[in-house]
$ cat query_33.cif   # mmCIF, N, CA and C atoms and all ligand atoms
data_my_file
#
loop_
_atom_site.label_atom_id
_atom_site.label_comp_id
_atom_site.auth_asym_id
_atom_site.auth_seq_id
_atom_site.Cartn_x
_atom_site.Cartn_y
_atom_site.Cartn_z
N MET T 86 116.06 94.19 95.61
CA MET T 86 117.16 93.32 96.05
C MET T 86 116.57 92.04 96.67
N SER T 87 117.05 90.89 96.25
CA SER T 87 116.51 89.66 96.81
C SER T 87 117.05 89.49 98.24
N HIS T 88 116.35 88.63 99.00
CA HIS T 88 116.75 88.43 100.39
C HIS T 88 118.20 88.00 100.52
N GLU T 89 118.64 87.11 99.59
CA GLU T 89 120.00 86.55 99.69
C GLU T 89 121.07 87.61 99.49
N THR T 90 120.72 88.66 98.71
CA THR T 90 121.75 89.66 98.41
C THR T 90 121.70 90.85 99.38
N ARG T 91 120.70 90.89 100.23
CA ARG T 91 120.63 92.01 101.17
C ARG T 91 121.69 91.85 102.26
N PRO T 92 122.49 92.91 102.51
CA PRO T 92 123.54 92.80 103.52
C PRO T 92 123.04 92.32 104.88
N LEU T 93 121.87 92.78 105.31
CA LEU T 93 121.38 92.35 106.63
C LEU T 93 121.11 90.85 106.66
N ASN T 94 120.55 90.33 105.54
CA ASN T 94 120.29 88.89 105.47
C ASN T 94 121.60 88.09 105.45
N ARG T 95 122.57 88.60 104.69
CA ARG T 95 123.87 87.91 104.64
C ARG T 95 124.53 87.92 106.01
N LEU T 96 124.43 89.05 106.71
CA LEU T 96 125.03 89.14 108.05
C LEU T 96 124.33 88.15 108.99
N GLU T 97 123.01 88.07 108.89
CA GLU T 97 122.28 87.11 109.73
C GLU T 97 122.77 85.69 109.45
N GLN T 98 122.97 85.35 108.18
CA GLN T 98 123.44 84.01 107.83
C GLN T 98 124.83 83.75 108.42
N THR T 99 125.70 84.76 108.35
CA THR T 99 127.07 84.62 108.91
C THR T 99 126.99 84.36 110.41
N ILE T 100 126.12 85.12 111.09
CA ILE T 100 125.99 84.98 112.55
C ILE T 100 125.44 83.58 112.89
N LEU T 101 124.44 83.13 112.11
CA LEU T 101 123.87 81.80 112.36
C LEU T 101 124.91 80.71 112.10
N ALA T 102 125.78 80.94 111.10
CA ALA T 102 126.84 79.96 110.81
C ALA T 102 127.80 79.87 112.00
N ARG T 103 128.09 81.03 112.65
CA ARG T 103 128.96 81.03 113.84
C ARG T 103 128.27 80.30 114.99
N LYS T 104 126.94 80.44 115.05
CA LYS T 104 126.20 79.76 116.13
C LYS T 104 126.30 78.23 115.93
N ASP T 105 126.20 77.81 114.67
CA ASP T 105 126.28 76.38 114.35
C ASP T 105 127.68 75.84 114.51
N ALA T 106 128.66 76.66 114.11
CA ALA T 106 130.06 76.21 114.13
C ALA T 106 130.92 77.28 114.80
N PRO T 107 130.98 77.26 116.15
CA PRO T 107 131.76 78.27 116.86
C PRO T 107 133.23 78.23 116.45
N SER T 108 133.85 79.41 116.43
CA SER T 108 135.27 79.48 116.07
C SER T 108 135.97 80.34 117.10
N GLU T 109 137.14 79.90 117.54
CA GLU T 109 137.82 80.68 118.59
C GLU T 109 138.35 82.01 118.07
N LYS T 110 138.41 82.16 116.75
CA LYS T 110 138.89 83.44 116.19
C LYS T 110 137.75 84.41 115.89
N SER T 111 136.53 84.04 116.29
CA SER T 111 135.36 84.84 115.93
C SER T 111 134.84 85.69 117.09
N TYR T 112 134.67 87.00 116.82
CA TYR T 112 134.07 87.90 117.81
C TYR T 112 132.60 87.51 118.05
N THR T 113 131.92 87.11 116.98
CA THR T 113 130.51 86.69 117.10
C THR T 113 130.39 85.50 118.07
N THR T 114 131.31 84.56 117.94
CA THR T 114 131.31 83.40 118.84
C THR T 114 131.50 83.85 120.29
N GLN T 115 132.44 84.80 120.50
CA GLN T 115 132.67 85.30 121.87
C GLN T 115 131.39 85.90 122.45
N LEU T 116 130.70 86.69 121.60
CA LEU T 116 129.45 87.31 122.06
C LEU T 116 128.42 86.24 122.39
N LEU T 117 128.23 85.28 121.47
CA LEU T 117 127.22 84.24 121.66
C LEU T 117 127.51 83.44 122.93
N GLU T 118 128.80 83.19 123.17
CA GLU T 118 129.16 82.43 124.38
C GLU T 118 128.89 83.23 125.65
N GLY T 119 128.92 84.56 125.54
CA GLY T 119 128.63 85.41 126.70
C GLY T 119 127.13 85.52 127.00
N GLY T 120 126.32 85.10 126.03
CA GLY T 120 124.87 85.08 126.25
C GLY T 120 124.22 86.46 126.25
N ILE T 121 122.94 86.47 126.67
CA ILE T 121 122.13 87.70 126.63
C ILE T 121 122.78 88.83 127.43
N GLU T 122 123.41 88.46 128.56
CA GLU T 122 123.98 89.51 129.42
C GLU T 122 125.12 90.24 128.71
N LYS T 123 126.04 89.49 128.09
CA LYS T 123 127.18 90.13 127.41
C LYS T 123 126.71 90.89 126.17
N ILE T 124 125.85 90.26 125.38
CA ILE T 124 125.40 90.91 124.14
C ILE T 124 124.55 92.14 124.50
N GLY T 125 123.71 91.99 125.51
CA GLY T 125 122.86 93.10 125.95
C GLY T 125 123.69 94.29 126.40
N GLY T 126 124.77 94.01 127.12
CA GLY T 126 125.67 95.08 127.58
C GLY T 126 126.26 95.83 126.40
N LYS T 127 126.66 95.07 125.35
CA LYS T 127 127.23 95.72 124.15
C LYS T 127 126.17 96.55 123.44
N ILE T 128 124.94 96.06 123.41
CA ILE T 128 123.87 96.81 122.73
C ILE T 128 123.62 98.15 123.43
N ILE T 129 123.61 98.11 124.74
CA ILE T 129 123.40 99.36 125.50
C ILE T 129 124.53 100.34 125.20
N GLU T 130 125.77 99.80 125.18
CA GLU T 130 126.95 100.63 124.87
C GLU T 130 126.85 101.21 123.45
N GLU T 131 126.51 100.35 122.48
CA GLU T 131 126.44 100.79 121.07
C GLU T 131 125.28 101.77 120.86
N ALA T 132 124.18 101.57 121.59
CA ALA T 132 123.03 102.48 121.45
C ALA T 132 123.43 103.88 121.93
N ALA T 133 124.17 103.93 123.04
CA ALA T 133 124.63 105.24 123.55
C ALA T 133 125.58 105.88 122.54
N GLU T 134 126.44 105.05 121.91
CA GLU T 134 127.41 105.60 120.94
C GLU T 134 126.70 106.15 119.70
N VAL T 135 125.63 105.48 119.24
CA VAL T 135 124.93 105.96 118.04
C VAL T 135 124.21 107.27 118.35
N VAL T 136 123.67 107.40 119.55
CA VAL T 136 122.98 108.64 119.93
C VAL T 136 124.00 109.78 120.03
N GLU T 137 125.16 109.48 120.61
CA GLU T 137 126.21 110.50 120.73
C GLU T 137 126.66 110.95 119.34
N ALA T 138 126.87 110.00 118.44
CA ALA T 138 127.32 110.32 117.07
C ALA T 138 126.27 111.17 116.35
N ALA T 139 124.99 110.83 116.56
CA ALA T 139 123.92 111.57 115.87
C ALA T 139 123.88 113.03 116.30
N GLY T 140 124.42 113.31 117.48
CA GLY T 140 124.45 114.69 117.97
C GLY T 140 125.64 115.48 117.45
N GLU T 141 126.56 114.81 116.78
CA GLU T 141 127.73 115.52 116.25
C GLU T 141 127.36 116.24 114.95
N PRO T 142 127.92 117.43 114.73
CA PRO T 142 127.50 118.22 113.57
C PRO T 142 128.10 117.74 112.23
N GLY T 143 127.41 118.13 111.16
CA GLY T 143 127.96 118.02 109.81
C GLY T 143 128.09 116.61 109.27
N GLU T 144 128.80 116.55 108.12
CA GLU T 144 128.98 115.30 107.40
C GLU T 144 129.76 114.28 108.22
N GLU T 145 130.72 114.77 109.01
CA GLU T 145 131.51 113.85 109.84
C GLU T 145 130.60 113.14 110.86
N GLY T 146 129.67 113.92 111.43
CA GLY T 146 128.70 113.35 112.38
C GLY T 146 127.82 112.30 111.69
N CYS T 147 127.44 112.61 110.43
CA CYS T 147 126.62 111.65 109.65
C CYS T 147 127.37 110.35 109.44
N GLN T 148 128.64 110.47 109.02
CA GLN T 148 129.44 109.26 108.75
C GLN T 148 129.67 108.48 110.03
N HIS T 149 129.88 109.18 111.15
CA HIS T 149 130.08 108.51 112.44
C HIS T 149 128.79 107.78 112.84
N THR T 150 127.64 108.43 112.58
CA THR T 150 126.35 107.82 112.91
C THR T 150 126.15 106.52 112.10
N ILE T 151 126.56 106.56 110.83
CA ILE T 151 126.43 105.36 109.99
C ILE T 151 127.25 104.21 110.58
N ARG T 152 128.49 104.51 110.98
CA ARG T 152 129.36 103.45 111.53
C ARG T 152 128.78 102.89 112.83
N GLU T 153 128.33 103.78 113.70
CA GLU T 153 127.79 103.33 114.99
C GLU T 153 126.47 102.58 114.81
N ALA T 154 125.64 103.02 113.84
CA ALA T 154 124.38 102.30 113.58
C ALA T 154 124.69 100.90 113.06
N GLY T 155 125.75 100.77 112.26
CA GLY T 155 126.17 99.44 111.78
C GLY T 155 126.55 98.55 112.95
N ASP T 156 127.32 99.10 113.91
CA ASP T 156 127.70 98.32 115.11
C ASP T 156 126.45 97.88 115.88
N LEU T 157 125.50 98.83 116.02
CA LEU T 157 124.28 98.52 116.79
C LEU T 157 123.46 97.42 116.10
N LEU T 158 123.30 97.54 114.77
CA LEU T 158 122.52 96.53 114.05
C LEU T 158 123.18 95.16 114.13
N TYR T 159 124.51 95.14 113.99
CA TYR T 159 125.24 93.86 114.09
C TYR T 159 124.97 93.22 115.45
N HIS T 160 125.15 94.00 116.53
CA HIS T 160 124.96 93.42 117.87
C HIS T 160 123.50 93.01 118.11
N LEU T 161 122.56 93.77 117.54
CA LEU T 161 121.15 93.39 117.69
C LEU T 161 120.87 92.05 116.98
N LEU T 162 121.46 91.88 115.79
CA LEU T 162 121.29 90.60 115.07
C LEU T 162 121.90 89.44 115.86
N VAL T 163 123.03 89.70 116.55
CA VAL T 163 123.64 88.63 117.36
C VAL T 163 122.70 88.29 118.53
N LEU T 164 122.11 89.31 119.15
CA LEU T 164 121.16 89.06 120.25
C LEU T 164 119.97 88.23 119.75
N MET T 165 119.44 88.62 118.59
CA MET T 165 118.30 87.88 118.04
C MET T 165 118.68 86.43 117.75
N ALA T 166 119.88 86.22 117.19
CA ALA T 166 120.32 84.84 116.88
C ALA T 166 120.46 84.05 118.18
N CYS T 167 121.00 84.71 119.20
CA CYS T 167 121.19 84.05 120.50
C CYS T 167 119.84 83.59 121.05
N ARG T 168 118.83 84.43 120.85
CA ARG T 168 117.49 84.18 121.40
C ARG T 168 116.62 83.33 120.46
N GLY T 169 117.15 83.02 119.25
CA GLY T 169 116.39 82.21 118.29
C GLY T 169 115.32 83.00 117.56
N VAL T 170 115.54 84.31 117.43
CA VAL T 170 114.58 85.16 116.72
C VAL T 170 115.19 85.54 115.37
N SER T 171 114.41 85.39 114.28
CA SER T 171 114.96 85.68 112.95
C SER T 171 114.60 87.09 112.49
N LEU T 172 115.40 87.58 111.55
CA LEU T 172 115.13 88.88 110.94
C LEU T 172 113.76 88.84 110.24
N ALA T 173 113.44 87.72 109.62
CA ALA T 173 112.14 87.59 108.93
C ALA T 173 110.98 87.76 109.93
N GLU T 174 111.15 87.24 111.13
CA GLU T 174 110.08 87.38 112.14
C GLU T 174 109.92 88.84 112.57
N VAL T 175 111.05 89.54 112.71
CA VAL T 175 110.96 90.95 113.09
C VAL T 175 110.36 91.76 111.94
N GLU T 176 110.75 91.41 110.71
CA GLU T 176 110.19 92.11 109.55
C GLU T 176 108.68 91.87 109.45
N ALA T 177 108.25 90.65 109.78
CA ALA T 177 106.81 90.35 109.74
C ALA T 177 106.06 91.19 110.78
N GLU T 178 106.70 91.38 111.93
CA GLU T 178 106.08 92.20 112.98
C GLU T 178 105.97 93.65 112.50
N LEU T 179 107.03 94.15 111.85
CA LEU T 179 106.99 95.52 111.33
C LEU T 179 105.93 95.65 110.23
N ALA T 180 105.82 94.62 109.39
CA ALA T 180 104.81 94.64 108.32
C ALA T 180 103.41 94.67 108.92
N ARG T 181 103.23 93.93 110.02
CA ARG T 181 101.92 93.88 110.69
C ARG T 181 101.53 95.27 111.19
N ARG T 182 102.53 96.08 111.55
CA ARG T 182 102.26 97.41 112.11
C ARG T 182 102.02 98.46 111.03
N GLU T 183 102.32 98.10 109.76
CA GLU T 183 102.22 99.09 108.70
C GLU T 183 100.83 99.70 108.64
N GLY T 184 100.77 101.02 108.52
CA GLY T 184 99.49 101.70 108.39
C GLY T 184 98.82 101.97 109.72
N VAL T 185 99.40 101.47 110.82
CA VAL T 185 98.80 101.75 112.14
C VAL T 185 99.63 102.86 112.78
N SER T 186 99.00 103.99 113.04
CA SER T 186 99.72 105.11 113.64
C SER T 186 100.24 104.70 115.02
N GLY T 187 101.49 105.05 115.29
CA GLY T 187 102.08 104.75 116.59
C GLY T 187 101.28 105.37 117.73
N LEU T 188 100.75 106.58 117.49
CA LEU T 188 99.99 107.26 118.55
C LEU T 188 98.66 106.55 118.80
N GLU T 189 98.00 106.13 117.67
CA GLU T 189 96.71 105.40 117.84
C GLU T 189 96.93 104.08 118.55
N GLU T 190 98.00 103.37 118.16
CA GLU T 190 98.29 102.08 118.78
C GLU T 190 98.51 102.25 120.28
N LYS T 191 99.22 103.33 120.64
CA LYS T 191 99.50 103.59 122.06
C LYS T 191 98.20 103.86 122.81
N ALA T 192 97.33 104.67 122.18
CA ALA T 192 96.05 105.02 122.82
C ALA T 192 95.19 103.77 123.01
N SER T 193 95.23 102.85 122.02
CA SER T 193 94.37 101.65 122.10
C SER T 193 94.81 100.73 123.23
N ARG T 194 96.06 100.83 123.66
CA ARG T 194 96.56 99.98 124.76
C ARG T 194 95.93 100.38 126.08
N LYS T 195 95.53 101.66 126.20
CA LYS T 195 95.02 102.16 127.49
C LYS T 195 93.57 101.77 127.72
N SER T 196 92.84 101.46 126.60
CA SER T 196 91.41 101.19 126.79
C SER T 196 91.16 99.72 127.11
N1 LIG X 1 129.45 93.46 111.23
C1 LIG X 1 130.25 93.06 112.08
C2 LIG X 1 130.67 93.92 113.15
N2 LIG X 1 130.34 95.19 113.45
C3 LIG X 1 131.04 95.49 114.55
N3 LIG X 1 131.81 94.45 114.94
C4 LIG X 1 132.75 94.37 116.07
O1 LIG X 1 132.09 94.85 117.21
C5 LIG X 1 133.08 95.25 118.15
C6 LIG X 1 132.53 96.45 118.87
O2 LIG X 1 133.33 97.52 118.72
P1 LIG X 1 133.63 98.50 119.94
O3 LIG X 1 134.66 99.45 119.47
O4 LIG X 1 132.36 99.06 120.47
O5 LIG X 1 134.18 97.51 121.01
P2 LIG X 1 135.63 97.35 121.51
O6 LIG X 1 135.83 98.38 122.56
O7 LIG X 1 136.61 97.35 120.36
O8 LIG X 1 135.51 95.90 122.10
P3 LIG X 1 135.03 95.42 123.51
O9 LIG X 1 136.28 94.99 124.21
O10 LIG X 1 134.30 96.53 124.21
O11 LIG X 1 134.13 94.25 123.21
C7 LIG X 1 134.38 95.44 117.37
O12 LIG X 1 135.26 94.40 117.75
C8 LIG X 1 133.95 95.29 115.93
O13 LIG X 1 134.94 94.66 115.12
C9 LIG X 1 131.58 93.44 114.10
N4 LIG X 1 132.07 92.18 114.06
C10 LIG X 1 131.67 91.37 113.05
N5 LIG X 1 130.79 91.77 112.07
C11 LIG X 1 130.37 90.86 110.97
O14 LIG X 1 130.41 89.53 111.43
C12 LIG X 1 131.24 88.75 110.57
C13 LIG X 1 131.85 87.63 111.36
O15 LIG X 1 132.74 88.16 112.32
P4 LIG X 1 133.53 87.13 113.29
O16 LIG X 1 132.49 86.35 113.99
O17 LIG X 1 134.32 87.98 114.23
O18 LIG X 1 134.40 86.29 112.39
C14 LIG X 1 132.23 89.76 109.98
O19 LIG X 1 132.77 89.28 108.77
C15 LIG X 1 131.33 90.95 109.76
O20 LIG X 1 130.56 90.77 108.58
#
$ encode --input "query_33.cif" --output "structure tokens" --more "lines below"
Ligand SMILES: N=c1c2ncn([C@@H]3O[C@H](COP(=O)(O)OP(=O)(O)OP(=O)(O)O)[C@@H](O)[C@H]3O)c2ncn1[C@@H]1O[C@H](COP(=O)(O)O)[C@@H](O)[C@H]1O
Amino acid sequence: MSHETRPLNRLEQTILARKDAPSEKSYTTQLLEGGIEKIGGKIIEEAAEVVEAAGEPGEEGCQHTIREAGDLLYHLLVLMACRGVSLAEVEAELARREGVSGLEEKASRKS
């Protein structure tokens, strides 16, 4: 899938468009106007909701987890846009970590 057709990239573009052209009918605009504090509060709330959903049993729990993870990703992208951080930059950071064991990386920080 090309970058332009990936839902996360399209969502990032929509959020950036709201940042460029605020609209009073936009929830994204409301979040951006509230700044890091408001968006951060929503992320903490959404993170708790995704963890709660993941603990629910069966297919219903799975579907609930999908919806809550979508909310969390959306709010995280709004926070990144607010802070001027792009999805490409986060992806580059994840690519940089590829092949490095999380446990080894943690151990190397102590030395
Ligand atoms: N992906 C999303 C998205 N995911 C979640 N949400 C909103 O996030 C809010 C969080 O839901 P909650 O139930 O946790 O919050 P709430 O209790 O209803 O609201 P609060 O009073 O607590 O803020 C809801 O209002 C959802 O509608 C989203 N709002 C927007 N988008 C995308 O952003 C685009 C632009 O949206 P606007 O900027 O609003 O035009 C949309 O077309 C979508 O593609």
$ residues_near_ligand --input "query_33.cif" --ligand "ligand LIG 1 (chain X)" --cutoff "8 Å" --atoms "only C-alpha atoms and all ligand atoms" --output "list in words"
Leu96, Thr99, Ile100, Arg103, Ser108, Lys110, Ser111, Tyr112, Thr113, Thr114, Gln115, Lys127, Glu130, Glu131, Gly155, Asp156, Leu157, Leu158, Tyr159 and His160 of chain T
$ axis_aligned_box --input "query_33.cif" --around "region 166-181 of chain T" --padding-each-side "4 Å" --output "AutoDock Vina command-line options"
--center_x 111.4 --center_y 88.9 --center_z 114.9 --size_x 27.7 --size_y 21.4 --size_z 21.1
$ closest_residue --input "query_33.cif" --among "T:Pro142, T:Ile121, T:Gly169, T:Gln148" --to "Leu101 (chain T)" --atoms "only C-alpha atoms"
T:Gly169
$ atom_distance --input "query_33.cif" --atom1 "CA of Arg182 (chain T)" --atom2 "CA of Val163 (chain T)"
23.7 Å
$ atom_distance --input "query_33.cif" --atom1 "CA of Val135 (chain T)" --atom2 "CA of Leu188 (chain T)"
25.0 Å
$ atom_distance --input "query_33.cif" --atom1 "atom N of Glu97 (chain T)" --atom2 "atom C of Ser171 (chain T)"
9.2 Å
